[in-house]
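Raw contents of my_file_19.txt, compact mmCIF, C-alpha atoms:
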# COMPACT_ATOMS: atom_id res chain seq x y z
CA PHE A 12 39.41 73.12 70.28
CA LEU A 13 38.59 76.83 70.26
CA ASP A 14 35.79 78.78 71.91
CA LEU A 15 33.88 80.82 69.30
CA GLU A 16 33.42 84.19 70.95
CA GLU A 17 30.90 85.42 68.37
CA TYR A 18 28.64 82.44 69.01
CA GLU A 19 27.48 81.77 72.55
CA ASN A 20 28.42 78.38 74.01
CA LYS A 21 29.92 77.14 70.72
CA ARG A 22 33.30 75.46 70.18
CA GLY A 23 35.10 74.60 66.98
CA MET A 24 37.85 72.16 66.11
CA LEU A 25 40.98 73.39 64.38
CA HIS A 26 42.79 70.39 62.87
CA SER A 27 46.57 70.52 62.43
CA SER A 28 46.09 70.23 58.65
CA GLU A 29 44.36 73.65 58.72
CA ILE A 30 47.25 75.32 60.52
CA ALA A 31 50.26 76.78 58.71
CA ARG A 32 53.37 74.57 58.95
CA LYS A 33 55.41 77.09 60.89
CA GLN A 34 52.60 77.34 63.45
CA VAL A 35 52.33 73.57 63.78
CA ARG A 36 56.02 73.47 64.74
CA THR A 37 55.47 76.07 67.46
CA MET A 38 51.93 75.21 68.57
CA ARG A 39 52.67 75.63 72.27
CA VAL A 40 53.87 79.16 71.61
CA PHE A 41 51.26 80.15 69.01
CA PHE A 42 48.17 78.66 70.69
CA LYS A 43 48.25 80.07 74.17
CA PRO A 44 45.13 79.94 76.38
CA GLY A 45 43.22 83.22 76.05
CA LYS A 46 44.80 84.19 72.74
CA ARG A 47 42.39 85.28 70.01
CA ILE A 48 42.78 83.70 66.58
CA VAL A 49 40.81 84.48 63.45
CA CYS A 50 39.53 81.34 61.74
CA LYS A 51 37.30 80.44 58.82
CA VAL A 52 34.37 78.11 59.39
CA MET A 53 34.81 75.28 56.90
CA ASP A 54 31.75 73.19 57.65
CA VAL A 55 29.22 72.33 60.33
CA GLY A 56 28.14 68.71 60.61
CA ARG A 57 27.39 65.99 63.14
CA GLY A 58 27.47 68.53 65.92
CA GLN A 59 31.04 69.62 65.13
CA ILE A 60 32.27 72.94 63.70
CA ASN A 61 35.45 72.58 61.66
CA LEU A 62 37.76 75.58 61.42
CA SER A 63 40.73 76.70 59.35
CA HIS A 64 43.38 79.24 60.22
CA ARG A 65 45.70 78.83 57.25
CA ARG A 66 42.90 79.83 54.84
CA VAL A 67 42.50 83.24 56.48
CA GLY A 68 44.44 85.99 54.70
CA VAL A 69 46.69 88.38 56.61
CA GLY A 70 44.47 91.30 55.67
CA GLN A 71 41.33 89.45 56.76
CA GLU A 72 42.90 88.58 60.10
CA ARG A 73 44.08 92.13 60.71
CA SER A 74 40.67 93.53 59.78
CA LYS A 75 38.79 91.09 62.02
CA LEU A 76 41.05 91.70 65.01
CA LYS A 77 40.61 95.46 64.60
CA GLU A 78 36.85 94.98 64.45
CA TRP A 79 36.99 92.91 67.64
CA ASN A 80 39.16 95.49 69.43
CA ASP A 81 36.84 98.31 68.32
CA GLU A 82 33.78 96.49 69.65
CA LYS A 83 35.63 95.88 72.92
CA ARG A 84 36.23 99.65 73.17
CA ALA A 85 32.50 100.20 72.67
CA ASP A 86 31.74 97.58 75.33
CA ASP A 87 34.13 99.28 77.78
CA ILE A 88 32.34 102.60 77.21
CA LEU A 89 28.98 100.97 77.94
CA LYS A 90 30.36 99.45 81.16
CA VAL A 91 31.65 102.85 82.31
CA PHE A 92 28.31 104.43 81.37
CA ALA A 93 26.40 101.86 83.43
CA LYS A 94 28.70 102.33 86.43
CA GLN A 95 28.64 106.15 86.33
CA ASN A 96 24.86 106.26 86.13
CA LYS A 97 24.22 103.37 88.53
CA LEU A 98 22.48 101.28 85.89
CA LYS A 99 22.46 97.54 85.46
CA LEU A 100 24.80 96.49 82.67
CA GLU A 101 22.17 94.08 81.31
CA THR A 102 19.73 96.99 81.02
CA VAL A 103 22.28 99.11 79.15
CA TYR A 104 23.00 96.25 76.76
CA LYS A 105 19.29 95.69 76.14
CA ASN A 106 18.32 99.35 75.68
CA ILE A 107 21.41 100.55 73.78
CA ALA A 108 23.80 97.88 72.48
CA ASP A 109 21.19 95.37 71.30
CA LYS A 110 19.19 98.05 69.47
CA LEU A 111 22.31 99.37 67.72
CA LEU A 112 23.32 95.83 66.76
CA ASP A 113 19.87 95.14 65.31
CA LYS A 114 19.87 98.37 63.32
CA TYR A 115 23.51 98.76 62.26
CA GLY A 116 25.14 95.37 62.83
CA SER A 117 27.82 96.72 65.19
CA VAL A 118 28.23 99.29 67.96
CA PHE A 119 31.64 100.96 67.64
CA PRO A 120 31.07 102.49 64.15
CA VAL A 121 27.99 104.22 65.58
CA PHE A 122 30.00 105.51 68.55
CA LEU A 123 32.67 106.71 66.12
CA GLU A 124 30.14 108.75 64.13
CA VAL A 125 28.85 110.24 67.39
CA ALA A 126 32.42 111.20 68.34
CA LYS A 127 32.76 112.88 64.94
CA GLY A 128 29.69 114.99 65.62
CA ASP A 129 26.59 113.08 64.49
CA THR A 130 24.61 113.07 67.74
CA SER A 131 21.35 112.05 66.05
CA LEU A 132 22.28 108.36 66.31
CA ILE A 133 21.99 108.21 70.11
CA LYS A 134 19.38 109.91 72.29
CA ASP A 135 21.02 109.81 75.73
CA LYS A 136 23.09 113.00 76.17
CA ARG A 137 25.07 111.44 79.02
CA LEU A 138 26.27 108.65 76.75
CA ILE A 139 27.05 111.11 73.96
CA ALA A 140 29.25 113.13 76.33
CA LEU A 141 31.04 109.98 77.50
CA ILE A 142 31.66 108.78 73.93
CA LYS A 143 33.18 112.14 72.99
CA ARG A 144 35.50 111.94 75.99
CA ARG A 145 36.57 108.34 75.36
CA ILE A 146 36.95 108.41 71.56
CA VAL A 147 39.35 111.10 70.39
CA ILE A 148 39.20 111.67 66.64
CA PRO A 149 42.60 112.32 65.01
CA LYS A 150 42.43 115.42 62.88
CA ALA A 151 44.02 116.22 59.55
CA GLU A 152 45.17 119.81 59.31
CA ILE A 153 45.93 122.08 56.36
CA LYS A 154 47.62 125.41 56.95
CA GLY A 155 48.46 128.12 54.49
CA THR A 156 48.20 131.71 53.32
CA LEU A 157 45.06 132.83 51.54
CA LYS A 158 45.21 135.84 49.22
CA MET A 159 41.91 137.59 48.49
CA ILE A 160 41.50 140.70 46.35
CA SER A 161 38.25 142.32 45.22
CA GLN A 162 38.17 145.22 42.72
CA ASN A 163 34.55 146.05 43.53
CA PRO A 164 33.80 149.45 45.15
CA ASP A 165 32.54 147.56 48.22
CA GLY A 166 35.44 145.14 48.13
CA VAL A 167 35.73 144.88 51.93
CA GLU A 168 32.11 143.74 52.21
CA VAL A 169 32.60 141.27 49.36
CA ILE A 170 35.57 139.71 51.16
CA LYS A 171 33.59 139.53 54.42
CA LYS A 172 30.77 137.78 52.56
CA ALA A 173 33.26 135.36 50.97
CA VAL A 174 34.75 134.48 54.36
CA LYS A 175 31.28 133.97 55.89
CA SER A 176 30.26 131.70 53.00
CA ALA A 177 33.45 129.66 53.48
CA LEU A 178 32.86 129.30 57.22
CA ASP A 179 29.24 128.25 56.64
CA LEU A 180 30.35 125.61 54.14
CA ALA A 181 32.99 124.23 56.51
CA LYS A 182 30.42 123.98 59.32
CA LYS A 183 28.05 122.10 57.01
CA GLU A 184 30.88 119.68 56.18
CA ARG A 185 31.69 119.27 59.90
CA ALA A 186 35.12 120.76 59.44
CA GLU A 187 36.92 123.39 61.52
CA LEU A 188 37.91 126.45 59.49
CA ASP A 189 39.79 129.46 60.80
CA ILE A 190 40.55 132.48 58.59
CA LYS A 191 42.49 135.31 60.25
CA TYR A 192 43.63 138.63 58.80
CA ILE A 193 47.41 139.03 58.46
CA GLY A 194 47.68 142.16 56.33
CA ALA A 195 45.89 143.07 53.11
CA PRO A 196 45.42 141.07 50.99
CA ARG A 197 46.76 138.09 52.98
CA TYR A 198 44.94 135.88 55.47
CA ASN A 199 46.04 132.89 57.53
CA LEU A 200 43.86 129.80 56.83
CA ILE A 201 43.70 126.66 58.97
CA LEU A 202 41.37 123.78 58.09
CA ARG A 203 40.88 120.70 60.29
CA THR A 204 38.89 117.55 59.56
CA ALA A 205 38.91 113.93 60.69
CA GLU A 206 40.57 112.62 57.52
CA THR A 207 43.22 113.89 55.10
CA LYS A 208 41.18 113.15 51.98
CA LYS A 209 38.21 115.01 53.40
CA ALA A 210 40.44 117.96 54.32
CA GLU A 211 41.62 118.26 50.72
CA ARG A 212 38.08 117.99 49.39
CA VAL A 213 36.67 120.57 51.81
CA LEU A 214 39.55 122.95 51.11
CA GLU A 215 38.82 122.82 47.39
CA ALA A 216 35.13 123.47 48.05
CA VAL A 217 35.98 126.39 50.36
CA LEU A 218 38.26 128.00 47.77
CA ASN A 219 35.65 127.55 45.04
CA THR A 220 33.04 129.21 47.27
CA ILE A 221 35.33 132.17 47.91
CA ARG A 222 36.11 132.50 44.20
CA LYS A 223 32.42 132.44 43.35
CA VAL A 224 31.58 135.20 45.85
CA ILE A 225 34.52 137.43 44.87
CA GLY A 226 33.87 136.91 41.17
CA LYS A 227 35.99 137.41 38.07
CA SER A 228 36.91 140.96 39.00
CA GLY A 229 38.85 139.70 42.00
CA GLU A 230 41.70 137.31 42.76
CA VAL A 231 41.93 134.29 45.04
CA GLU A 232 45.12 132.34 45.70
CA PHE A 233 46.08 129.82 48.36
CA ARG A 234 49.55 128.52 49.26
CA LYS A 235 50.11 125.74 51.78
CA ASP A 236 52.68 126.26 54.52

I'd like the structure from this file rewritten - as structure tokens, please.
Amino acid sequence: FLDLEEYENKRGMLHSSEIARKQVRTMRVFFKPGKRIVCKVMDVGRGQINLSHRRVGVGQERSKLKEWNDEKRADDILKVFAKQNKLKLETVYKNIADKLLDKYGSVFPVFLEVAKGDTSLIKDKRLIALIKRRIVIPKAEIKGTLKMISQNPDGVEVIKKAVKSALDLAKKERAELDIKYIGAPRYNLILRTAETKKAERVLEAVLNTIRKVIGKSGEVEFRKD
């Protein structure tokens, strides 16, 4: 019999026929008290909930355990927030967690977006600051040499405008962009985002913006380090 953590005061029965053979042979090792196991609800009848573990795919189990661990991280942040601000945990759950659950279905994904920079999802600035301290976003980085040439009479101003347009675009995309002068016509470019795919996409958009500002009379070339 297993306690169903997602359903308050509910227990389910996992019959040996719904356990993989190798796990049946080592049940004392596999089913330790306190261990979390992902199961599929097969049916609910006569006051009993029947479960299956063998019908849960490896990917499903991994995904569900990650979801559980993520929500636990969110819960830990809320506990720290309550303690730091001398608030009752029940009040924090009611005013923050429950509202996020009702609106979004889970808490951690909202905290993750806040950590990435979207502070519109939560009103309390103290909680926003705590989330940003507790959830560190891994960043993808692209480095390289940017070559910019403008044949216009006011070429220096054109290049300055191109750089400003690129920086504005990166800010809009919530990416970090740094363009530093090395020696005409070369510049050092560093782009950082939360994800590799996004970094590639933003880089392409940045280069297109620079090309558009400089125009056909100029030249733009980028080489990754």

May I have a table of the residues of segment 56-150 of chain A lying at most 12 Å from segment 180-194 of chain A, giving each one's closest pair of atoms and their distance in Å to one decimal, counting only C-alpha atoms, ordered by chain and ascending residue number, as a Markdown table?
| residue | atom | partner | partner_atom | distance |
| --- | --- | --- | --- | --- |
| A:Glu124 | CA | A:Arg185 | CA | 11.4 |
| A:Ala126 | CA | A:Arg185 | CA | 11.7 |
| A:Lys127 | CA | A:Arg185 | CA | 8.2 |
| A:Gly128 | CA | A:Arg185 | CA | 7.4 |
| A:Asp129 | CA | A:Arg185 | CA | 9.2 |
| A:Lys150 | CA | A:Ala186 | CA | 9.7 |

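Once Ser228 of chain A and its same-chain neighbours fewer than 4 positions away are set aside, Ile160, Ser161, Gln162 and Asn163 of chain A remain within 9 Å of it when counting all atoms listed in the file.
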
Original post:
Do you know which residues are at most 9 Å from Arg222 of chain A counting all atoms listed in the file, after dropping those on the same chain fewer than 5 positions away, and could you put them as a list of chain:residue names?
Top reply: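 Close residues of Arg222 of chain A: A:Met159, A:Ala173, A:Val217, A:Lys227, A:Gly229, A:Glu230, A:Val231.
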
Subject >> Residue contacts of segment 49-60 of chain A (9 Å, only C-alpha atoms) excluding same-chain residues fewer than 2 positions away, as a list in words >> reply: Lys21, Arg22, Gly23, Met24, Leu25, Arg47, Leu62, Ser63, His64, Arg65, Arg66, Val67, Gln71, Glu72, Arg73, Lys75 and Leu76 of chain A

Subject >> For Leu218 of chain A: contacts at 9 Å, all atoms listed in the file, fewer than 6 positions along chain excluded, given as a ChimeraX atom specification >> reply: /A:177,231-233

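Distance check against Tyr104 of chain A using all atoms listed in the file: of A:Leu214, A:Ala85, A:Val40, A:Val125, the minimum falls on A:Ala85.
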
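Distance-wise, atom CA of Asn20 of chain A and atom CA of Leu89 of chain A end up 22.9 Å apart.
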
**OP:** Mind giving me the straight-line distance from atom CA of Ala140 of chain A to atom CA of Phe122 of chain A in Å, one decimal?
**Re:**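 Going from atom CA of Ala140 of chain A over to atom CA of Phe122 of chain A covers 10.9 Å.
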
Subject >> Shell of 10 Å around Leu111 of chain A, all atoms listed in the file, local chain residues under 5 positions omitted, as an MDAnalysis selection string >> reply: chainID A and resid 104:106 116:122 132:133

**OP:** Work out how far apart atom CA of Pro196 of chain A and atom CA of Ala151 of chain A are and give it in Å to one decimal.
**Re:**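 These two atoms are separated by 26.3 Å.
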
Subject >> Nearest residue to Gln95 of chain A from the set A:Arg137, A:Lys46, A:Lys209, A:Lys175 (distances using all atoms listed in the file) >> reply: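 Looking at the shortest contact to Gln95 of chain A, the residue is A:Arg137.
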
Subject >> Nearby residues, (32.9, 101.0, 80.0) file frame, 12 Å, all atoms listed in the file, as a count of residues only >> reply: 25

Subject >> Which residue of A:Ile201, A:Ile107, A:Ala195, A:Val147 approaches Lys134 of chain A most closely, using all atoms listed in the file >> reply: A:Ile107

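Candidate residues A:Gly68, A:Pro149, A:Arg197, A:Ala216 were compared for distance to Ala31 of chain A, and the nearest is A:Gly68, using only C-alpha atoms.
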